[in-house]
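> Just protein-v2.csv, nothing more (CSV, C-alpha atoms):
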```
chain,number,residue,atom,x,y,z
A,46,MET,CA,7.1,-7.8,15.1
A,47,PRO,CA,4.6,-7.5,12.2
A,48,VAL,CA,4.9,-4.7,9.7
A,49,PRO,CA,2.1,-2.3,10.7
A,50,LEU,CA,-0.7,-1.6,8.1
A,51,VAL,CA,-3.2,1.2,8.2
A,52,LEU,CA,-6.4,0.8,6.2
A,53,ALA,CA,-7.6,4.2,4.9
A,54,SER,CA,-11.1,3.0,4.4
A,55,GLN,CA,-14.3,2.6,6.4
A,56,SER,CA,-15.3,-0.5,4.4
A,57,PRO,CA,-16.2,-3.4,6.7
A,58,ALA,CA,-15.7,-5.8,3.8
A,59,ARG,CA,-12.1,-4.7,3.3
A,60,LEU,CA,-11.4,-4.9,7.0
A,61,SER,CA,-12.9,-8.4,7.1
A,62,THR,CA,-11.0,-9.6,4.0
A,63,LEU,CA,-7.7,-8.5,5.6
A,64,ARG,CA,-8.5,-10.1,8.9
A,65,SER,CA,-9.4,-13.3,7.2
A,66,ALA,CA,-5.9,-13.3,5.6
A,67,GLY,CA,-4.4,-12.9,9.1
A,68,VAL,CA,-3.8,-9.2,8.9
A,69,GLU,CA,-5.1,-6.8,11.7
A,70,PRO,CA,-4.8,-3.3,10.3
A,71,ARG,CA,-5.4,0.0,12.1
A,72,VAL,CA,-8.3,1.8,10.5
A,73,ILE,CA,-8.1,5.6,9.8
A,74,VAL,CA,-10.8,6.9,7.6
A,75,SER,CA,-9.7,9.7,5.3
A,76,ALA,CA,-11.8,12.8,4.8
A,77,VAL,CA,-11.2,13.1,1.1
A,78,ASP,CA,-13.6,15.0,-1.0
A,79,GLU,CA,-14.0,12.4,-3.7
A,80,ASP,CA,-15.9,14.5,-6.2
A,81,ALA,CA,-13.3,17.2,-6.0
A,82,ALA,CA,-10.5,14.7,-6.4
A,83,LEU,CA,-12.1,13.2,-9.5
A,84,GLU,CA,-12.8,16.5,-11.0
A,85,ALA,CA,-9.2,17.7,-10.5
A,86,ALA,CA,-8.0,14.5,-12.1
A,87,ARG,CA,-10.3,14.8,-15.1
A,88,VAL,CA,-9.1,18.4,-15.7
A,89,GLU,CA,-5.5,17.3,-15.5
A,90,HIS,CA,-6.1,14.4,-17.9
A,91,GLU,CA,-7.8,16.6,-20.5
A,92,ALA,CA,-5.2,19.4,-20.1
A,93,ALA,CA,-2.4,16.9,-20.7
A,94,GLY,CA,-4.2,15.6,-23.8
A,95,TRP,CA,-4.7,12.2,-22.3
A,96,GLY,CA,-8.4,12.1,-23.0
A,97,PRO,CA,-11.2,11.3,-20.5
A,98,LEU,CA,-10.4,9.7,-17.2
A,99,GLU,CA,-11.1,5.9,-17.6
A,100,PRO,CA,-12.9,4.0,-14.8
A,101,ASP,CA,-9.8,2.0,-13.9
A,102,ASP,CA,-7.8,5.2,-13.5
A,103,ALA,CA,-10.6,6.9,-11.5
A,104,VAL,CA,-10.6,4.4,-8.7
A,105,LEU,CA,-6.8,4.6,-8.6
A,106,VAL,CA,-7.0,8.4,-8.2
A,107,LEU,CA,-9.4,8.1,-5.2
A,108,ALA,CA,-7.3,5.2,-3.7
A,109,ARG,CA,-4.2,7.4,-3.9
A,110,ALA,CA,-6.0,10.4,-2.5
A,111,LYS,CA,-7.2,8.4,0.6
A,112,ALA,CA,-3.8,6.9,1.3
A,113,VAL,CA,-1.8,10.0,0.8
A,114,THR,CA,-4.2,12.1,2.9
A,115,VAL,CA,-4.0,9.7,5.8
A,116,ALA,CA,-0.2,9.5,5.6
A,117,GLU,CA,0.1,13.3,5.5
A,118,LEU,CA,-2.3,14.0,8.4
A,119,HIS,CA,-1.4,11.2,10.7
A,120,ASP,CA,1.8,10.0,12.3
A,121,THR,CA,1.0,6.4,11.2
A,122,GLU,CA,4.5,4.8,11.2
A,123,ALA,CA,3.0,2.2,9.0
A,124,ILE,CA,2.2,1.2,5.4
A,125,VAL,CA,-1.0,3.0,4.5
A,126,LEU,CA,-3.4,1.3,2.1
A,127,GLY,CA,-6.1,3.3,0.3
A,128,CYS,CA,-8.8,1.6,-1.8
A,129,ASP,CA,-11.8,2.6,-3.9
A,130,SER,CA,-14.2,0.6,-6.0
A,131,MET,CA,-16.6,1.4,-8.8
A,132,LEU,CA,-18.7,-0.6,-11.3
A,133,GLU,CA,-18.3,0.1,-15.0
A,134,LEU,CA,-21.4,-0.6,-17.0
A,135,ASP,CA,-21.6,0.4,-20.7
A,136,GLY,CA,-18.6,2.7,-20.1
A,137,GLU,CA,-20.3,4.6,-17.3
A,138,ILE,CA,-18.8,4.7,-13.8
A,139,LEU,CA,-21.2,3.7,-11.0
A,140,GLY,CA,-20.3,4.3,-7.3
A,141,LYS,CA,-22.7,4.1,-4.4
A,142,PRO,CA,-26.4,4.8,-5.3
A,143,ALA,CA,-27.8,8.1,-4.2
A,144,ASP,CA,-30.9,6.6,-2.6
A,145,ALA,CA,-33.2,3.6,-2.7
A,146,ALA,CA,-34.9,4.8,-5.9
A,147,ASP,CA,-31.5,5.1,-7.6
A,148,ALA,CA,-30.5,1.6,-6.4
A,149,ILE,CA,-33.7,0.1,-7.8
A,150,ALA,CA,-33.2,1.9,-11.2
A,151,ARG,CA,-29.6,0.7,-11.2
A,152,TRP,CA,-30.5,-2.9,-10.6
A,153,ARG,CA,-33.2,-2.8,-13.3
A,154,THR,CA,-30.4,-1.8,-15.7
A,155,MET,CA,-27.9,-4.3,-14.4
A,156,ARG,CA,-30.0,-7.4,-14.2
A,157,GLY,CA,-29.1,-10.1,-16.7
A,158,ARG,CA,-26.0,-8.1,-17.8
A,159,THR,CA,-22.3,-8.0,-17.3
A,160,GLY,CA,-20.2,-5.2,-15.8
A,161,VAL,CA,-16.6,-4.7,-14.6
A,162,LEU,CA,-15.9,-4.0,-11.0
A,163,HIS,CA,-12.7,-1.9,-10.7
A,164,THR,CA,-10.9,-1.6,-7.3
A,165,GLY,CA,-8.0,0.8,-7.0
A,166,HIS,CA,-5.2,0.1,-4.5
A,167,TRP,CA,-2.6,2.6,-3.3
A,168,LEU,CA,0.2,2.1,-0.8
A,169,VAL,CA,2.3,4.8,1.0
A,170,ASP,CA,5.2,3.5,3.0
A,171,ASP,CA,5.0,6.0,5.9
A,172,ARG,CA,7.4,4.1,8.2
A,173,GLU,CA,10.5,6.0,9.5
A,174,ASP,CA,12.7,3.0,8.5
A,175,GLY,CA,10.7,2.1,5.4
A,176,THR,CA,11.4,2.7,1.7
A,177,GLY,CA,9.3,5.9,1.5
A,178,GLY,CA,7.8,4.5,-1.6
A,179,THR,CA,4.3,5.1,-2.9
A,180,LEU,CA,2.6,3.1,-5.7
A,181,GLY,CA,-0.7,1.6,-6.8
A,182,ALA,CA,-2.6,-0.5,-9.2
A,183,THR,CA,-6.1,-1.5,-10.1
A,184,SER,CA,-7.9,-4.8,-10.0
A,185,SER,CA,-10.6,-5.3,-12.6
A,186,THR,CA,-13.1,-8.2,-12.5
A,187,VAL,CA,-15.9,-9.1,-14.8
A,188,VAL,CA,-19.2,-9.6,-13.0
A,189,ARG,CA,-22.3,-11.2,-14.4
A,190,PHE,CA,-25.6,-10.3,-12.7
A,191,ALA,CA,-28.6,-12.6,-12.5
A,192,ARG,CA,-31.9,-11.7,-14.1
A,193,LEU,CA,-33.7,-10.5,-11.0
A,194,THR,CA,-37.5,-9.9,-10.9
A,195,ASP,CA,-38.8,-6.5,-9.8
A,196,ALA,CA,-39.8,-8.1,-6.5
A,197,GLU,CA,-36.3,-9.4,-5.9
A,198,ILE,CA,-34.8,-6.0,-6.6
A,199,GLU,CA,-37.1,-4.2,-4.3
A,200,ALA,CA,-36.6,-6.7,-1.5
A,201,TYR,CA,-32.8,-6.5,-1.9
A,202,VAL,CA,-32.8,-2.7,-1.9
A,203,ALA,CA,-35.1,-2.7,1.2
A,204,THR,CA,-32.3,-4.4,3.2
A,205,GLY,CA,-30.2,-1.2,2.8
A,206,GLU,CA,-27.1,-3.1,1.7
A,207,PRO,CA,-27.0,-1.8,-1.9
A,208,LEU,CA,-27.0,1.8,-0.6
A,209,ARG,CA,-23.7,1.3,1.2
A,210,VAL,CA,-21.5,-0.3,-1.5
A,211,ALA,CA,-20.1,0.6,-4.9
A,212,GLY,CA,-22.1,-0.7,-7.7
A,213,ALA,CA,-25.1,-1.4,-5.4
A,214,PHE,CA,-24.2,-5.0,-4.8
A,215,THR,CA,-22.0,-7.4,-2.8
A,216,VAL,CA,-20.7,-10.9,-3.6
A,217,ASP,CA,-19.9,-11.7,0.1
A,218,GLY,CA,-23.2,-10.5,1.6
A,219,LEU,CA,-26.9,-10.3,0.9
A,220,GLY,CA,-26.1,-9.7,-2.8
A,221,GLY,CA,-24.4,-13.0,-3.3
A,222,PRO,CA,-27.4,-14.9,-4.7
A,223,TYR,CA,-27.7,-12.2,-7.4
A,224,VAL,CA,-24.2,-12.5,-8.9
A,225,GLU,CA,-24.1,-15.5,-11.3
A,226,ALA,CA,-20.4,-15.5,-12.1
A,227,ILE,CA,-17.2,-13.5,-11.9
A,228,GLU,CA,-14.1,-13.6,-14.1
A,229,GLY,CA,-11.1,-12.4,-12.2
A,230,ASP,CA,-10.2,-11.8,-8.5
A,231,TYR,CA,-13.0,-12.5,-6.1
A,232,HIS,CA,-11.4,-10.5,-3.4
A,233,GLY,CA,-11.0,-7.5,-5.7
A,234,VAL,CA,-14.8,-7.5,-6.0
A,235,VAL,CA,-15.2,-7.6,-2.2
A,236,GLY,CA,-13.0,-4.6,-2.0
A,237,VAL,CA,-9.3,-5.5,-1.7
A,238,SER,CA,-7.4,-7.8,-4.0
A,239,LEU,CA,-5.0,-9.9,-1.8
A,240,PRO,CA,-2.8,-11.0,-4.7
A,241,LEU,CA,-2.5,-7.5,-6.0
A,242,LEU,CA,-1.7,-6.2,-2.5
A,243,ARG,CA,1.0,-8.9,-2.2
A,244,GLY,CA,2.6,-7.7,-5.4
A,245,LEU,CA,2.6,-4.0,-4.4
A,246,LEU,CA,4.0,-4.8,-1.0
A,247,ALA,CA,6.9,-6.7,-2.6
A,248,GLU,CA,7.8,-3.5,-4.5
A,249,LEU,CA,8.1,-1.9,-1.0
A,250,GLU,CA,10.4,-4.8,0.0
A,251,VAL,CA,7.7,-6.2,2.3
A,252,ALA,CA,6.4,-9.8,2.1
A,253,PHE,CA,2.7,-10.3,2.8
A,254,HIS,CA,3.4,-12.7,5.7
A,255,GLU,CA,5.4,-9.9,7.4
A,256,LEU,CA,2.1,-8.1,8.0
A,257,ARG,CA,1.0,-11.0,10.1
A,258,GLY,CA,4.0,-11.1,12.3
```
Please re-express this file's structure in structure tokens.


Amino acid sequence: MPVPLVLASQSPARLSTLRSAGVEPRVIVSAVDEDAALEAARVEHEAAGWGPLEPDDAVLVLARAKAVTVAELHDTEAIVLGCDSMLELDGEILGKPADAADAIARWRTMRGRTGVLHTGHWLVDDREDGTGGTLGATSSTVVRFARLTDAEIEAYVATGEPLRVAGAFTVDGLGGPYVEAIEGDYHGVVGVSLPLLRGLLAELEVAFHELRG
């Protein structure tokens, strides 16, 4: 019997990535208030004298919130995986654009430049016979964007895809032609780093192939 996995995310790209690796997770979308979770984390960081919440920590905060919430509210009897992605550009954290105008403005800033796509991963072992462990890590990948024309930006945003994804781009979809290069884990940019997930699972005494059965 395979070790059951619950994906606490509504991202089709994350689900597709896991399926391509032979894993068929159950999807339970968390109802986490992301703004509230980030604000609470920022206050805690500053109160503890740790300084501002860095982008690679912010995605981990949200990934943890998603995984923990699903594990607490549902009888999953599985390992629960929460993920969250954000693009860092000039030290600024960029999630999903607010609307088409925001996406167009974002791409006019991004084109011809380099950013870092951070994806936080958090696991909760919610199995009755499991380790009971909970842990996470962040995958960070450098992304170089093509120098798009205004017409290309407007055509891409008109597809609606940039409005649905962190950073307003994909590498595995319609945005692929507009990403010139990446330095790091491709799957981390898509939304879930398979090598990082393998390492986290090992700390819960689970081999990746055990998710496949």

> Show me as number ranges by chain the residues that reach within 10 Å of (-5.3, -5.4, 10.5), counting all atoms listed in the file and using the file's own coordinates.

A: 49-52, 59-72, 256-257

> So, counting all atoms listed in the file, which residue among A:Asp144, A:Asp80, A:Asp230, A:Glu137 is closest to Val210 of chain A?

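Residue with the minimum atom-to-atom distance to Val210 of chain A: A:Asp144.
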
> Which polymer residues have any atom within 8 Å of an atom of segment 223-228 of chain A, counting only C-alpha atoms, with same-chain residues fewer than 5 positions away left out, as a ChimeraX atom specification?

/A:186-193,216

> Filtering to C-alpha atoms, could you give me those residues as a short mmCIF file (atom, residue, chain, number, x, y, z; two decimals), in the coordinates of the input?


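File written: result-v3.cif
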```cif
data_model
loop_
_atom_site.label_atom_id
_atom_site.label_comp_id
_atom_site.auth_asym_id
_atom_site.auth_seq_id
_atom_site.Cartn_x
_atom_site.Cartn_y
_atom_site.Cartn_z
CA THR A 186 -13.10 -8.20 -12.50
CA VAL A 187 -15.90 -9.10 -14.80
CA VAL A 188 -19.20 -9.60 -13.00
CA ARG A 189 -22.30 -11.20 -14.40
CA PHE A 190 -25.60 -10.30 -12.70
CA ALA A 191 -28.60 -12.60 -12.50
CA ARG A 192 -31.90 -11.70 -14.10
CA LEU A 193 -33.70 -10.50 -11.00
CA VAL A 216 -20.70 -10.90 -3.60
#
```

> I'd like the contact shell of Ala86 of chain A - 9 Å cut-off, all atoms listed in the file, skipping same-chain residues fewer than 5 positions apart - returned as a ChimeraX atom specification.

/A:81,91,98,103,106

> A:Ile149, A:Ala123, A:Leu132, A:Leu249: which is nearest Ala196 of chain A, counting only C-alpha atoms?

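Selected residue with least distance to Ala196 of chain A: A:Ile149.
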
> Which of these residues is nearest to Pro97 of chain A, using only C-alpha atoms: A:His119, A:Val77, A:Val235, A:Gly136?

A:Gly136

> Can you pull out the residues contacting Gly205 of chain A? Cut-off 10 Å, using only C-alpha atoms, and skip same-chain residues under 5 positions away; I want them as a list of chain:residue names.

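The residues satisfying every condition are A:Asp144, A:Ala145, A:Ala148, A:Ala200, A:Val210, A:Ala213, A:Leu219.
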
> Between A:Ile198, A:Ile73, A:Val251, A:Met46, which one has atoms that come closest to Arg151 of chain A, using all atoms listed in the file?

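Smallest distance to Arg151 of chain A is found for A:Ile198.
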
> Would you be able to write out as a ChimeraX atom specification which residues have an atom within 10 Å of (-25.9, 2.3, -11.5) in the file's coordinates, counting all atoms listed in the file?

/A:131-134,137-143,147-155,211-213

> Quote the spacing between atom CA of Glu197 of chain A and atom CA of Ser238 of chain A in Å to one decimal place.

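Here the two named atoms are 29.0 Å from each other.
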
> Taking only C-alpha atoms into account, name the residue in A:Gly127, A:Gly96, A:Gly236, A:Gly220 that is nearest to Asp170 of chain A.

A:Gly127

> Name the closest residue to Arg156 of chain A among the candidates A:Asp195, A:Glu89, A:Asp174, A:Glu84; distances are taken between atoms, counting only C-alpha atoms.

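Ranked by minimum distance to Arg156 of chain A, first place goes to A:Asp195.
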
> Report the distance between atom CA of Ala53 of chain A and atom CA of Ala116 of chain A in Å, rounded to one decimal place.

9.1 Å

> Go ahead and compute the interatomic distance for atom CA of His232 of chain A and atom CA of Arg172 of chain A, in Å to one decimal.

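Computed distance, atom CA of His232 of chain A to atom CA of Arg172 of chain A, equals 26.5 Å.
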